[in-house]
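Novice: This is run13.tsv (TSV, C-alpha atoms).
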```tsv
chain	number	residue	atom	x	y	z
A	205	GLY	CA	0.00	0.00	0.00
A	206	ALA	CA	0.92	3.63	-0.27
A	207	VAL	CA	3.44	4.89	2.22
A	208	VAL	CA	3.96	8.34	3.64
A	209	SER	CA	7.17	9.02	5.45
A	210	GLN	CA	7.25	11.77	8.05
A	211	HIS	CA	10.25	12.92	9.99
A	212	PRO	CA	11.54	13.68	12.42
A	213	SER	CA	9.48	11.46	14.70
A	214	TRP	CA	10.18	13.70	17.61
A	215	VAL	CA	12.02	16.92	18.21
A	216	ILE	CA	12.89	18.94	21.27
A	217	CYS	CA	13.86	22.54	20.74
A	218	LYS	CA	14.37	25.77	22.59
A	219	SER	CA	11.76	28.49	22.54
A	220	GLY	CA	12.28	30.88	19.64
A	221	THR	CA	13.82	28.39	17.24
A	222	SER	CA	12.22	27.13	14.04
A	223	VAL	CA	11.47	23.50	13.35
A	224	LYS	CA	10.90	21.90	9.96
A	225	ILE	CA	8.86	18.72	9.54
A	226	GLU	CA	8.96	16.78	6.29
A	227	CYS	CA	6.29	14.61	4.78
A	228	ARG	CA	7.10	12.46	1.75
A	229	SER	CA	4.95	10.20	-0.33
A	230	LEU	CA	7.18	7.26	-1.23
A	231	ASP	CA	5.30	5.40	-3.95
A	232	PHE	CA	2.66	7.77	-5.28
A	233	GLN	CA	2.23	11.37	-6.32
A	234	ALA	CA	0.56	13.34	-3.58
A	235	THR	CA	-1.34	16.13	-5.24
A	236	THR	CA	-2.89	17.14	-1.93
A	237	MET	CA	-1.35	17.03	1.52
A	238	PHE	CA	-2.96	17.85	4.82
A	239	TRP	CA	-1.33	18.95	8.05
A	240	TYR	CA	-2.91	18.29	11.43
A	241	ARG	CA	-2.15	19.01	15.04
A	242	GLN	CA	-3.27	16.96	17.99
A	243	PHE	CA	-2.97	18.03	21.61
A	244	PRO	CA	-3.03	15.37	24.34
A	245	LYS	CA	-6.41	13.69	24.71
A	246	GLN	CA	-7.89	15.85	21.98
A	247	SER	CA	-8.94	15.12	18.43
A	248	LEU	CA	-7.01	15.76	15.25
A	249	MET	CA	-7.32	19.37	14.15
A	250	LEU	CA	-6.78	20.18	10.51
A	251	MET	CA	-4.32	23.04	10.19
A	252	ALA	CA	-4.00	23.45	6.45
A	253	THR	CA	-4.48	21.85	3.07
A	254	SER	CA	-1.83	22.17	0.40
A	255	ASN	CA	-1.96	21.35	-3.27
A	256	GLU	CA	1.25	20.88	-5.17
A	257	GLY	CA	2.45	24.14	-6.64
A	258	SER	CA	-0.14	26.28	-4.87
A	259	LYS	CA	-0.28	28.22	-1.66
A	260	ALA	CA	-1.68	26.31	1.27
A	261	THR	CA	-5.20	26.95	2.51
A	262	TYR	CA	-5.17	27.46	6.25
A	263	GLU	CA	-7.99	26.69	8.63
A	264	GLN	CA	-9.47	29.47	10.68
A	265	GLY	CA	-7.32	30.35	13.63
A	266	VAL	CA	-4.10	28.92	12.20
A	267	GLU	CA	-1.42	31.56	11.65
A	268	LYS	CA	0.01	31.15	8.18
A	269	ASP	CA	3.08	33.23	9.02
A	270	LYS	CA	3.87	30.96	11.94
A	271	PHE	CA	3.18	27.64	10.28
A	272	LEU	CA	4.84	27.80	6.88
A	273	ILE	CA	3.81	25.08	4.47
A	274	ASN	CA	5.64	24.31	1.28
A	275	HIS	CA	4.43	21.75	-1.25
A	276	ALA	CA	6.83	22.32	-4.10
A	277	SER	CA	6.82	18.80	-5.50
A	278	LEU	CA	4.39	15.93	-5.85
A	279	THR	CA	6.22	13.90	-3.26
A	280	LEU	CA	7.23	16.38	-0.59
A	281	SER	CA	5.52	18.83	1.70
A	282	THR	CA	7.13	20.60	4.63
A	283	LEU	CA	5.72	22.33	7.67
A	284	THR	CA	7.96	24.85	9.40
A	285	VAL	CA	6.98	26.01	12.85
A	286	THR	CA	8.66	29.41	13.09
A	287	SER	CA	9.75	30.89	16.41
A	288	ALA	CA	8.30	27.96	18.30
A	289	HIS	CA	6.93	28.50	21.78
A	290	PRO	CA	5.94	25.99	24.47
A	291	GLU	CA	2.28	26.29	23.48
A	292	ASP	CA	3.23	24.93	20.05
A	293	SER	CA	4.22	21.65	21.66
A	294	SER	CA	1.96	19.08	20.08
A	295	PHE	CA	1.74	16.01	17.87
A	296	TYR	CA	1.86	17.03	14.20
A	297	ILE	CA	0.68	14.61	11.52
A	298	CYS	CA	0.60	14.88	7.76
A	299	SER	CA	-1.55	12.97	5.33
A	300	ALA	CA	-1.44	12.71	1.58
A	301	ARG	CA	-3.88	11.94	-1.17
A	302	GLU	CA	-3.21	11.27	-4.81
A	303	ALA	CA	-5.18	12.84	-7.64
A	304	ARG	CA	-8.76	11.54	-7.78
A	305	GLY	CA	-7.96	9.28	-4.87
A	306	GLU	CA	-10.31	8.91	-1.96
A	307	LYS	CA	-8.03	7.38	0.61
A	308	LEU	CA	-5.76	9.30	2.90
A	309	PHE	CA	-2.34	7.98	3.80
A	310	PHE	CA	-0.87	9.26	7.02
A	311	GLY	CA	2.65	9.93	8.13
A	312	SER	CA	3.65	8.51	11.49
A	313	GLY	CA	3.57	11.90	13.18
A	314	THR	CA	6.06	14.23	14.83
A	315	GLN	CA	6.02	14.93	18.54
A	316	LEU	CA	7.26	18.49	19.04
A	317	SER	CA	8.32	19.63	22.48
A	318	VAL	CA	9.34	23.25	22.89
A	319	LEU	CA	11.22	24.06	26.07
X	114	ARG	CA	-23.93	22.53	14.83
X	115	LYS	CA	-20.55	20.87	14.28
X	116	GLU	CA	-19.88	19.42	10.85
X	117	VAL	CA	-19.21	16.01	12.31
X	118	GLU	CA	-20.25	14.82	15.74
X	119	GLN	CA	-19.23	11.73	17.62
X	120	ASP	CA	-19.82	10.61	21.17
X	121	PRO	CA	-16.33	10.84	22.71
X	122	GLY	CA	-17.00	7.94	25.06
X	123	PRO	CA	-15.21	6.16	26.54
X	124	PHE	CA	-17.13	3.03	25.77
X	125	ASN	CA	-15.99	0.37	28.22
X	126	VAL	CA	-17.08	-3.07	27.06
X	127	PRO	CA	-16.13	-6.61	28.06
X	128	GLU	CA	-14.34	-8.91	25.68
X	129	GLY	CA	-16.74	-10.61	23.32
X	130	ALA	CA	-19.32	-7.86	23.47
X	131	THR	CA	-20.86	-6.13	20.49
X	132	VAL	CA	-20.49	-2.37	20.40
X	133	ALA	CA	-21.75	0.26	17.96
X	134	PHE	CA	-20.75	3.85	17.34
X	135	ASN	CA	-22.54	6.52	15.37
X	136	CYS	CA	-21.25	9.62	13.68
X	137	THR	CA	-23.62	12.34	12.51
X	138	TYR	CA	-22.76	14.93	9.89
X	139	SER	CA	-24.37	18.16	8.80
X	140	ASN	CA	-23.11	18.61	5.24
X	141	SER	CA	-25.49	16.74	2.97
X	142	ALA	CA	-23.02	17.21	0.11
X	143	SER	CA	-20.44	14.98	1.78
X	144	GLN	CA	-19.23	12.50	-0.78
X	145	SER	CA	-17.19	9.79	0.87
X	146	PHE	CA	-17.14	8.36	4.34
X	147	PHE	CA	-14.57	6.35	6.24
X	148	TRP	CA	-13.81	4.94	9.64
X	149	TYR	CA	-10.25	5.22	10.95
X	150	ARG	CA	-8.78	3.92	14.16
X	151	GLN	CA	-6.12	5.75	16.08
X	152	ASP	CA	-4.01	4.27	18.83
X	153	CYS	CA	-2.55	6.57	21.44
X	154	ARG	CA	0.10	8.91	19.98
X	155	LYS	CA	0.01	7.11	16.64
X	156	GLU	CA	-1.25	8.15	13.24
X	157	PRO	CA	-4.81	7.21	12.22
X	158	LYS	CA	-5.12	4.05	10.18
X	159	LEU	CA	-7.90	3.38	7.71
X	160	LEU	CA	-10.31	0.80	9.04
X	161	MET	CA	-12.90	0.74	6.29
X	162	SER	CA	-14.90	2.72	3.79
X	163	VAL	CA	-18.59	3.29	4.39
X	164	TYR	CA	-21.34	2.81	1.80
X	165	SER	CA	-25.11	3.06	1.78
X	166	SER	CA	-25.21	-0.62	0.92
X	167	GLY	CA	-23.12	-1.42	3.97
X	168	ASN	CA	-19.61	-2.72	4.22
X	169	GLU	CA	-18.52	-5.73	6.25
X	170	ASP	CA	-14.98	-6.79	7.03
X	171	GLY	CA	-14.77	-9.66	9.47
X	172	ARG	CA	-16.09	-8.48	12.81
X	173	PHE	CA	-16.58	-4.93	11.58
X	174	THR	CA	-19.64	-3.59	9.79
X	175	ALA	CA	-20.05	-0.02	8.59
X	176	GLN	CA	-23.21	1.59	7.30
X	177	LEU	CA	-24.14	4.93	5.79
X	178	ASN	CA	-27.59	6.44	6.20
X	179	ARG	CA	-27.76	9.45	3.90
X	180	ALA	CA	-31.37	10.29	4.73
X	181	SER	CA	-30.58	10.67	8.41
X	182	GLN	CA	-27.01	11.83	7.78
X	183	TYR	CA	-25.10	9.44	9.95
X	184	ILE	CA	-22.66	6.61	9.62
X	185	SER	CA	-22.27	3.72	11.99
X	186	LEU	CA	-19.63	1.20	12.95
X	187	LEU	CA	-20.50	-2.13	14.55
X	188	ILE	CA	-17.84	-4.29	16.17
X	189	ARG	CA	-18.78	-7.84	17.05
X	190	ASP	CA	-16.94	-10.14	19.44
X	191	SER	CA	-14.75	-7.31	20.77
X	192	LYS	CA	-11.08	-8.09	21.34
X	193	LEU	CA	-8.66	-6.37	23.69
X	194	SER	CA	-6.78	-5.22	20.61
X	195	ASP	CA	-9.84	-3.27	19.45
X	196	SER	CA	-9.17	-0.73	22.20
X	197	ALA	CA	-8.52	2.53	20.36
X	198	THR	CA	-10.14	5.75	19.29
X	199	TYR	CA	-12.39	5.44	16.26
X	200	LEU	CA	-12.63	8.44	13.97
X	201	CYS	CA	-15.21	9.07	11.30
X	202	VAL	CA	-13.90	10.97	8.31
X	203	LEU	CA	-15.85	12.72	5.57
X	204	HIS	CA	-14.68	13.93	2.20
X	205	SER	CA	-16.49	16.70	0.37
X	206	GLY	CA	-15.78	19.52	-2.06
X	207	GLY	CA	-14.43	17.24	-4.74
X	208	TYR	CA	-12.41	15.40	-2.11
X	209	GLN	CA	-10.52	18.59	-1.29
X	210	LYS	CA	-12.14	18.98	2.09
X	211	VAL	CA	-11.54	16.33	4.71
X	212	THR	CA	-13.38	16.55	8.00
X	213	PHE	CA	-12.55	14.43	11.02
X	214	GLY	CA	-14.87	13.61	13.85
X	215	THR	CA	-13.50	14.06	17.35
X	216	GLY	CA	-13.32	10.32	17.80
X	217	THR	CA	-14.95	7.76	20.05
X	218	LYS	CA	-12.75	6.00	22.54
X	219	LEU	CA	-13.29	2.28	22.99
X	220	GLN	CA	-11.80	0.33	25.87
X	221	VAL	CA	-12.27	-3.43	25.78
X	222	ILE	CA	-11.95	-4.93	29.23
X	223	PRO	CA	-10.77	-8.49	29.99
```
Go ahead and render the structure in this file as structure tokens.

Specialist:
Amino acid sequence: GAVVSQHPSWVICKSGTSVKIECRSLDFQATTMFWYRQFPKQSLMLMATSNEGSKATYEQGVEKDKFLINHASLTLSTLTVTSAHPEDSSFYICSAREARGEKLFFGSGTQLSVL
Amino acid sequence: RKEVEQDPGPFNVPEGATVAFNCTYSNSASQSFFWYRQDCRKEPKLLMSVYSSGNEDGRFTAQLNRASQYISLLIRDSKLSDSATYLCVLHSGGYQKVTFGTGTKLQVIP
């Protein structure tokens, strides 16, 4: 089946630094990628949707200047948390979908801890 | 009204029991429906697609009721390994929009 690779799996960083998370589709072309955030004991919250070659569409309440999303190729999307603060500590997950495909394929998630 | 609503649970059931979850949705234009399971601090994994005609996979049965705008998941003969959070997921807007339910937590007890 389709595989989505996400890394790093976990990252600890100091407050004020930027963190980049990568999401790669390994055996299909991901025309659309989704980025989610999940706080402990809460549900997945969609942050943004990105289509290859286009600007990402952010959900209400998600700061686009803080969470930079790049989807420059059909196999790679990146999420950069800029100037991370402790409140940004969360579990970030990406998912990918190929053109005209219904199924979503998820990365394994990144646990971000900001000290 | 939320786009997708699920009872968060937890549903605590003994091994061997039958348990059912519902998920209601408000967007009648929703096109595709799925159930995912998510284990703690892991990514969601697709469990099954949901159709009006019903979909059965072993102990799991999923059903879509478009008239009443809900989907259901039935688990028979519950196993300890079924303990997880079950998420309903809807696609709409030409599959561009993906909406997750908040999930229903199931705990199967020995």

Novice: Centre and edge lengths of an axis-aligned box around all listed atoms of stretch 210-220 of chain A, with 6 Å added on each side, are to be given in Å to one decimal, as JSON.

Specialist:
```
{"center_x": 10.8, "center_y": 21.2, "center_z": 15.3, "size_x": 19.1, "size_y": 31.4, "size_z": 26.5}
```

Novice: Do you know which residues lie at most 12 Å from (-8.1, 20.5, 11.1), with coordinates as in the file and all atoms listed in the file counted, and could you write them as an MDAnalysis selection string?

Specialist: (chainID A and resid 238:243 246:253 261:266 296:299) or (chainID X and resid 116 202 210:215)

Novice: When you count all atoms listed in the file, which of these residues is closest to X:Thr137: X:Lys218, X:Arg179, X:Arg189, X:His204?

Specialist: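 When distances to X:Thr137 are compared using all atoms listed in the file, the smallest one comes from X:Arg179.
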
Novice: Kindly provide the residues of chain A that approach chain X to within 7 Å, each paired with its closest atom pair and their distance in Å to one decimal, based on all atoms listed in the file, listed by chain and increasing number, as a Markdown table.

Specialist:
```
| residue | atom | partner | partner_atom | distance |
| --- | --- | --- | --- | --- |
| A:Ser247 | CA | X:Thr215 | CA | 4.8 |
| A:Ile297 | CA | X:Glu156 | CA | 7.0 |
| A:Glu306 | CA | X:Tyr208 | CA | 6.8 |
| A:Phe310 | CA | X:Glu156 | CA | 6.3 |
| A:Gly311 | CA | X:Glu156 | CA | 6.7 |
| A:Ser312 | CA | X:Glu156 | CA | 5.2 |
| A:Gly313 | CA | X:Glu156 | CA | 6.1 |
```

Novice: Figure out the distance between atom CA of A:Ala300 and atom CA of X:Cys201, please, to one decimal in Å.

Specialist: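 Result for atom CA of X:Cys201 versus atom CA of A:Ala300: 17.2 Å, one decimal.
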
Novice: So the first atom is atom CA of A:Thr284 and the second is atom CA of A:Lys270; what is the distance between them in Å, to one decimal place?

Specialist: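 Those two atoms sit 7.8 Å apart.
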
Novice: Measuring between all atoms listed in the file, which one of X:Ser205, X:Asn135, X:Ser143, X:Gln151 shows the shortest distance to X:Ala175?

Specialist: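 Using all atoms listed in the file, the shortest distance to X:Ala175 belongs to X:Asn135.
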
Novice: Any idea what the distance is between atom CA of A:Asp292 and atom CA of A:Gly220?

Specialist: 10.8 Å

Novice: Atoms are missing here; could stretch 265-297 of chain A be completed with N, CA and C atoms and written as a PDB file, in the coordinates of the input?

Specialist:
```
ATOM      1  N   GLY A 265      -8.030  30.368  12.369  1.00  0.00           N
ATOM      2  CA  GLY A 265      -7.320  30.350  13.630  1.00  0.00           C
ATOM      3  C   GLY A 265      -5.884  29.870  13.539  1.00  0.00           C
ATOM      4  N   VAL A 266      -5.469  29.390  12.384  1.00  0.00           N
ATOM      5  CA  VAL A 266      -4.100  28.920  12.200  1.00  0.00           C
ATOM      6  C   VAL A 266      -3.289  30.025  11.527  1.00  0.00           C
ATOM      7  N   GLU A 267      -2.211  30.450  12.178  1.00  0.00           N
ATOM      8  CA  GLU A 267      -1.420  31.560  11.650  1.00  0.00           C
ATOM      9  C   GLU A 267      -0.516  31.093  10.512  1.00  0.00           C
ATOM     10  N   LYS A 268      -0.768  31.601   9.331  1.00  0.00           N
ATOM     11  CA  LYS A 268       0.010  31.150   8.180  1.00  0.00           C
ATOM     12  C   LYS A 268       1.451  31.629   8.231  1.00  0.00           C
ATOM     13  N   ASP A 269       1.708  32.730   8.927  1.00  0.00           N
ATOM     14  CA  ASP A 269       3.080  33.230   9.020  1.00  0.00           C
ATOM     15  C   ASP A 269       3.882  32.452  10.062  1.00  0.00           C
ATOM     16  N   LYS A 270       3.184  31.742  10.914  1.00  0.00           N
ATOM     17  CA  LYS A 270       3.870  30.960  11.940  1.00  0.00           C
ATOM     18  C   LYS A 270       4.077  29.518  11.474  1.00  0.00           C
ATOM     19  N   PHE A 271       3.104  29.019  10.765  1.00  0.00           N
ATOM     20  CA  PHE A 271       3.180  27.640  10.280  1.00  0.00           C
ATOM     21  C   PHE A 271       3.308  27.688   8.750  1.00  0.00           C
ATOM     22  N   LEU A 272       4.561  27.669   8.311  1.00  0.00           N
ATOM     23  CA  LEU A 272       4.840  27.800   6.880  1.00  0.00           C
ATOM     24  C   LEU A 272       4.770  26.436   6.216  1.00  0.00           C
ATOM     25  N   ILE A 273       3.969  26.348   5.185  1.00  0.00           N
ATOM     26  CA  ILE A 273       3.810  25.080   4.470  1.00  0.00           C
ATOM     27  C   ILE A 273       4.289  25.254   3.044  1.00  0.00           C
ATOM     28  N   ASN A 274       5.132  24.310   2.637  1.00  0.00           N
ATOM     29  CA  ASN A 274       5.640  24.310   1.280  1.00  0.00           C
ATOM     30  C   ASN A 274       5.332  22.962   0.648  1.00  0.00           C
ATOM     31  N   HIS A 275       4.772  22.997  -0.545  1.00  0.00           N
ATOM     32  CA  HIS A 275       4.430  21.750  -1.250  1.00  0.00           C
ATOM     33  C   HIS A 275       4.915  21.909  -2.682  1.00  0.00           C
ATOM     34  N   ALA A 276       6.231  21.969  -2.818  1.00  0.00           N
ATOM     35  CA  ALA A 276       6.830  22.320  -4.100  1.00  0.00           C
ATOM     36  C   ALA A 276       6.905  21.159  -5.078  1.00  0.00           C
ATOM     37  N   SER A 277       6.766  19.945  -4.585  1.00  0.00           N
ATOM     38  CA  SER A 277       6.820  18.800  -5.500  1.00  0.00           C
ATOM     39  C   SER A 277       5.691  17.844  -5.169  1.00  0.00           C
ATOM     40  N   LEU A 278       5.483  16.893  -6.039  1.00  0.00           N
ATOM     41  CA  LEU A 278       4.390  15.930  -5.850  1.00  0.00           C
ATOM     42  C   LEU A 278       4.690  14.876  -4.799  1.00  0.00           C
ATOM     43  N   THR A 279       5.893  14.921  -4.258  1.00  0.00           N
ATOM     44  CA  THR A 279       6.220  13.900  -3.260  1.00  0.00           C
ATOM     45  C   THR A 279       6.674  14.485  -1.930  1.00  0.00           C
ATOM     46  N   LEU A 280       6.705  15.796  -1.813  1.00  0.00           N
ATOM     47  CA  LEU A 280       7.230  16.380  -0.590  1.00  0.00           C
ATOM     48  C   LEU A 280       6.450  17.614  -0.167  1.00  0.00           C
ATOM     49  N   SER A 281       6.080  17.629   1.088  1.00  0.00           N
ATOM     50  CA  SER A 281       5.520  18.830   1.700  1.00  0.00           C
ATOM     51  C   SER A 281       6.238  19.052   3.023  1.00  0.00           C
ATOM     52  N   THR A 282       6.476  20.297   3.362  1.00  0.00           N
ATOM     53  CA  THR A 282       7.130  20.600   4.630  1.00  0.00           C
ATOM     54  C   THR A 282       6.287  21.586   5.425  1.00  0.00           C
ATOM     55  N   LEU A 283       6.353  21.399   6.725  1.00  0.00           N
ATOM     56  CA  LEU A 283       5.720  22.330   7.670  1.00  0.00           C
ATOM     57  C   LEU A 283       6.821  22.895   8.539  1.00  0.00           C
ATOM     58  N   THR A 284       6.964  24.205   8.551  1.00  0.00           N
ATOM     59  CA  THR A 284       7.960  24.850   9.400  1.00  0.00           C
ATOM     60  C   THR A 284       7.246  25.634  10.478  1.00  0.00           C
ATOM     61  N   VAL A 285       7.517  25.264  11.715  1.00  0.00           N
ATOM     62  CA  VAL A 285       6.980  26.010  12.850  1.00  0.00           C
ATOM     63  C   VAL A 285       8.022  27.084  13.171  1.00  0.00           C
ATOM     64  N   THR A 286       7.693  28.326  12.898  1.00  0.00           N
ATOM     65  CA  THR A 286       8.660  29.410  13.090  1.00  0.00           C
ATOM     66  C   THR A 286       8.555  29.978  14.501  1.00  0.00           C
ATOM     67  N   SER A 287       9.706  30.318  15.058  1.00  0.00           N
ATOM     68  CA  SER A 287       9.750  30.890  16.410  1.00  0.00           C
ATOM     69  C   SER A 287       8.838  30.121  17.359  1.00  0.00           C
ATOM     70  N   ALA A 288       9.158  28.848  17.499  1.00  0.00           N
ATOM     71  CA  ALA A 288       8.300  27.960  18.300  1.00  0.00           C
ATOM     72  C   ALA A 288       8.277  28.388  19.761  1.00  0.00           C
ATOM     73  N   HIS A 289       7.117  28.217  20.365  1.00  0.00           N
ATOM     74  CA  HIS A 289       6.930  28.500  21.780  1.00  0.00           C
ATOM     75  C   HIS A 289       6.351  27.257  22.457  1.00  0.00           C
ATOM     76  N   PRO A 290       6.446  27.194  23.776  1.00  0.00           N
ATOM     77  CA  PRO A 290       5.940  25.990  24.470  1.00  0.00           C
ATOM     78  C   PRO A 290       4.510  25.628  24.109  1.00  0.00           C
ATOM     79  N   GLU A 291       3.676  26.605  23.830  1.00  0.00           N
ATOM     80  CA  GLU A 291       2.280  26.290  23.480  1.00  0.00           C
ATOM     81  C   GLU A 291       2.150  25.627  22.113  1.00  0.00           C
ATOM     82  N   ASP A 292       3.237  25.634  21.334  1.00  0.00           N
ATOM     83  CA  ASP A 292       3.230  24.930  20.050  1.00  0.00           C
ATOM     84  C   ASP A 292       3.553  23.451  20.204  1.00  0.00           C
ATOM     85  N   SER A 293       3.932  23.053  21.412  1.00  0.00           N
ATOM     86  CA  SER A 293       4.220  21.650  21.660  1.00  0.00           C
ATOM     87  C   SER A 293       2.973  20.822  21.376  1.00  0.00           C
ATOM     88  N   SER A 294       3.117  19.864  20.511  1.00  0.00           N
ATOM     89  CA  SER A 294       1.960  19.080  20.080  1.00  0.00           C
ATOM     90  C   SER A 294       2.439  17.927  19.206  1.00  0.00           C
ATOM     91  N   PHE A 295       1.492  17.114  18.800  1.00  0.00           N
ATOM     92  CA  PHE A 295       1.740  16.010  17.870  1.00  0.00           C
ATOM     93  C   PHE A 295       1.271  16.494  16.499  1.00  0.00           C
ATOM     94  N   TYR A 296       2.185  16.550  15.541  1.00  0.00           N
ATOM     95  CA  TYR A 296       1.860  17.030  14.200  1.00  0.00           C
ATOM     96  C   TYR A 296       1.868  15.839  13.241  1.00  0.00           C
ATOM     97  N   ILE A 297       0.810  15.726  12.458  1.00  0.00           N
ATOM     98  CA  ILE A 297       0.680  14.610  11.520  1.00  0.00           C
ATOM     99  C   ILE A 297       0.352  15.138  10.127  1.00  0.00           C
TER     100      ILE A 297
END
```
